[in-house]
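One structure below.
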Amino acid sequence: MKHPTSLLATGLLLAASVSATAQTSVSSSVGGSFASFSEGASASTRRQDVAATAGLEHLFNDGRGRIYYDFDGGTFDSPGDWTYYLNTAGFTYRFGPEEAAARKLYLNGSFVVRRNGDAWAAADYSALGGGLNGEFHPKAHITLRTGYRADYRSFADMTALTQFEQRAFASALANFQTKTTLIAEVNVGAKLYDGQVMLDPIVVTAPDATTGTMTGPTYGRGMGMGPAWRSNTTWYLPQSQDQDGTAGLVSALFRVAQSLSDRTGVHGQVAFRTTFGAVPPALVTTPAGFFDDGVYDDPFASDAVSGQGGLKRAFASGAEIEAIVNYADRRYTNTPALDAGGTELPGSPLRHDRVWRGGVLWTQPVLGSRTGRAELSVDLGYRFLASSSNDAFYDYTSHGFALGFSVNY
């Protein structure tokens, strides 16, 4: 596999250049995570006991360049240690004038380090990536974008998942005088894994029903890192065999957004994904409420149809309220469904998930006259999640309430 280091190196040189104008900003939040419900390459929704984020951003060269660092950490409400720490550092640089109608070229790169708690420590990884995006304006109300990105991810303990992913996309955005926005996007992806495939089952020592500890490896079929309470003695381990071929996918998205007033807007979205070629040699078992549809929820492992709708209202006081609902139907192409003990169901049906998610979030600025340049807000939210699956571990319903605090400077 080739490492896409050249784009990152070029970007770091640009970032080191002398800037005409510089601006630095800091943000942080503590509480539940309701940031995104969309079905996409980097979207996520989590049910967490504790979640914390922090970000540092520096703009330079009249805003053409951006260097940033983001931290995301928390823990999930599932048996075992499901903590995680995600560190992302990167840059973007714009070639072309700032005017809205001008053609632009964006160079970007990132470096990611993720470390997890004991329940999924084997899924720690480091990643290096970069890409190019182009933006064009054939008419005043139409924006065309296209781009390419490559990411290399290294899994030290789950070497079967070490991967080189490439993505290319094209999108069109149209704004109308009716305050309607339409977006259509097509995405093509390919992923090459280092390569072990699942073969015959191997019997290892099962977890103790009382302590939930595993004296042998905790890898499961498909290749799920089986949760400790799946107390069955049959576990499937990766065998040393090269994977044959590259996994591929094609996805499409259509979104419409409508402004109802100066402070109120609604949107709706549908997306489709189909996969082909080789299949991922392993899947990471994730805790209840985790959705990222990017690395652990590997999109190359399932065909999917999803839909989303939402409403957002901003008030003159600075407060905001947002309500959103999302549905996703995922049919896995090579992952058998398991019962609660970790055994394949009779007839070995493939895993099939249908997930409803919904939430309401109220953001309330506080102490606006006393905090100066710092913006402090309190976030109150409710989240509903219903995951229906023929795999016992992914069949559950949950409700969550969140209280969070955010600071931007």
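Order determines the names: the first chain of the structure tokens is A, the second B, and so forth; residues in each chain are numbered 1 upward, and ligands are numbered 1 upward as they are shown.
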Got a sec: who's within 9 Å of Tyr125 in chain A, counting only C-alpha atoms, leaving out chain neighbours fewer than 4 positions off, as a count of residues only?
11
Hey, what's within 7 Å of His137 in chain A if we count only C-alpha atoms and toss same-chain stuff fewer than 3 positions away? As a PDB file with all heavy atoms, in the first residue's frame, please?
ATOM      1  N   ALA A 101     -18.255  33.848  -6.302  1.00  0.00           N
ATOM      2  CA  ALA A 101     -18.433  33.299  -7.647  1.00  0.00           C
ATOM      3  C   ALA A 101     -17.132  32.848  -8.290  1.00  0.00           C
ATOM      4  O   ALA A 101     -17.143  32.368  -9.434  1.00  0.00           O
ATOM      5  CB  ALA A 101     -19.117  34.330  -8.542  1.00  0.00           C
ATOM      6  N   ALA A 102     -16.013  32.986  -7.600  1.00  0.00           N
ATOM      7  CA  ALA A 102     -14.716  32.651  -8.193  1.00  0.00           C
ATOM      8  C   ALA A 102     -14.450  31.150  -8.119  1.00  0.00           C
ATOM      9  O   ALA A 102     -14.959  30.441  -7.252  1.00  0.00           O
ATOM     10  CB  ALA A 102     -13.607  33.411  -7.466  1.00  0.00           C
ATOM     11  N   ARG A 103     -13.642  30.675  -9.052  1.00  0.00           N
ATOM     12  CA  ARG A 103     -13.188  29.285  -9.011  1.00  0.00           C
ATOM     13  C   ARG A 103     -12.162  29.119  -7.896  1.00  0.00           C
ATOM     14  O   ARG A 103     -11.327  29.990  -7.669  1.00  0.00           O
ATOM     15  CB  ARG A 103     -12.576  28.878 -10.346  1.00  0.00           C
ATOM     16  CG  ARG A 103     -13.559  28.862 -11.511  1.00  0.00           C
ATOM     17  CD  ARG A 103     -12.861  28.389 -12.771  1.00  0.00           C
ATOM     18  NE  ARG A 103     -13.798  28.333 -13.893  1.00  0.00           N
ATOM     19  CZ  ARG A 103     -13.467  27.949 -15.111  1.00  0.00           C
ATOM     20  NH1 ARG A 103     -12.204  27.586 -15.368  1.00  0.00           N
ATOM     21  NH2 ARG A 103     -14.365  27.925 -16.068  1.00  0.00           N
ATOM     22  N   ALA A 140     -24.727  32.089 -11.329  1.00  0.00           N
ATOM     23  CA  ALA A 140     -24.679  32.747 -10.026  1.00  0.00           C
ATOM     24  C   ALA A 140     -25.302  31.906  -8.925  1.00  0.00           C
ATOM     25  O   ALA A 140     -24.869  31.959  -7.765  1.00  0.00           O
ATOM     26  CB  ALA A 140     -25.359  34.107 -10.100  1.00  0.00           C
ATOM     27  N   ILE A 142     -25.643  28.505  -8.963  1.00  0.00           N
ATOM     28  CA  ILE A 142     -25.239  27.096  -9.034  1.00  0.00           C
ATOM     29  C   ILE A 142     -23.770  26.957  -8.659  1.00  0.00           C
ATOM     30  O   ILE A 142     -22.913  27.702  -9.152  1.00  0.00           O
ATOM     31  CB  ILE A 142     -25.482  26.517 -10.444  1.00  0.00           C
ATOM     32  CG1 ILE A 142     -26.972  26.494 -10.751  1.00  0.00           C
ATOM     33  CG2 ILE A 142     -24.905  25.109 -10.551  1.00  0.00           C
ATOM     34  CD1 ILE A 142     -27.303  25.970 -12.124  1.00  0.00           C
ATOM     35  N   THR A 143     -23.490  25.991  -7.797  1.00  0.00           N
ATOM     36  CA  THR A 143     -22.119  25.667  -7.398  1.00  0.00           C
ATOM     37  C   THR A 143     -21.854  24.199  -7.704  1.00  0.00           C
ATOM     38  O   THR A 143     -22.624  23.329  -7.296  1.00  0.00           O
ATOM     39  CB  THR A 143     -21.894  25.924  -5.902  1.00  0.00           C
ATOM     40  OG1 THR A 143     -22.143  27.296  -5.606  1.00  0.00           O
ATOM     41  CG2 THR A 143     -20.470  25.581  -5.500  1.00  0.00           C
ATOM     42  N   LEU A 144     -20.762  23.944  -8.413  1.00  0.00           N
ATOM     43  CA  LEU A 144     -20.319  22.581  -8.705  1.00  0.00           C
ATOM     44  C   LEU A 144     -19.046  22.296  -7.934  1.00  0.00           C
ATOM     45  O   LEU A 144     -18.135  23.140  -7.885  1.00  0.00           O
ATOM     46  CB  LEU A 144     -20.076  22.393 -10.206  1.00  0.00           C
ATOM     47  CG  LEU A 144     -21.257  22.677 -11.140  1.00  0.00           C
ATOM     48  CD1 LEU A 144     -20.835  22.450 -12.578  1.00  0.00           C
ATOM     49  CD2 LEU A 144     -22.453  21.805 -10.781  1.00  0.00           C
TER      50      LEU A 144
END
Need to verify the contact set: Leu105 in chain A, 12 Å, only C-alpha atoms, exclusion of same-chain residues closer than 5 positions in sequence. Can you return it as a PyMOL selection string?
chain A and resi 64-65+92-98+131-136+144-148
Would you list the contacts of Tyr396 in chain A as a PyMOL selection string, taking every protein, DNA or RNA residue within 10 Å and counting only C-alpha atoms, but skipping same-chain residues closer than 5 positions in sequence?
chain A and resi 288-289+355+385-389
Excluding Gly117 in chain A and any residue of its chain fewer than 5 positions from it, enumerate the residues within 7 Å of it, using only C-alpha atoms, and give them as a PyMOL selection string.
chain A and resi 81-84
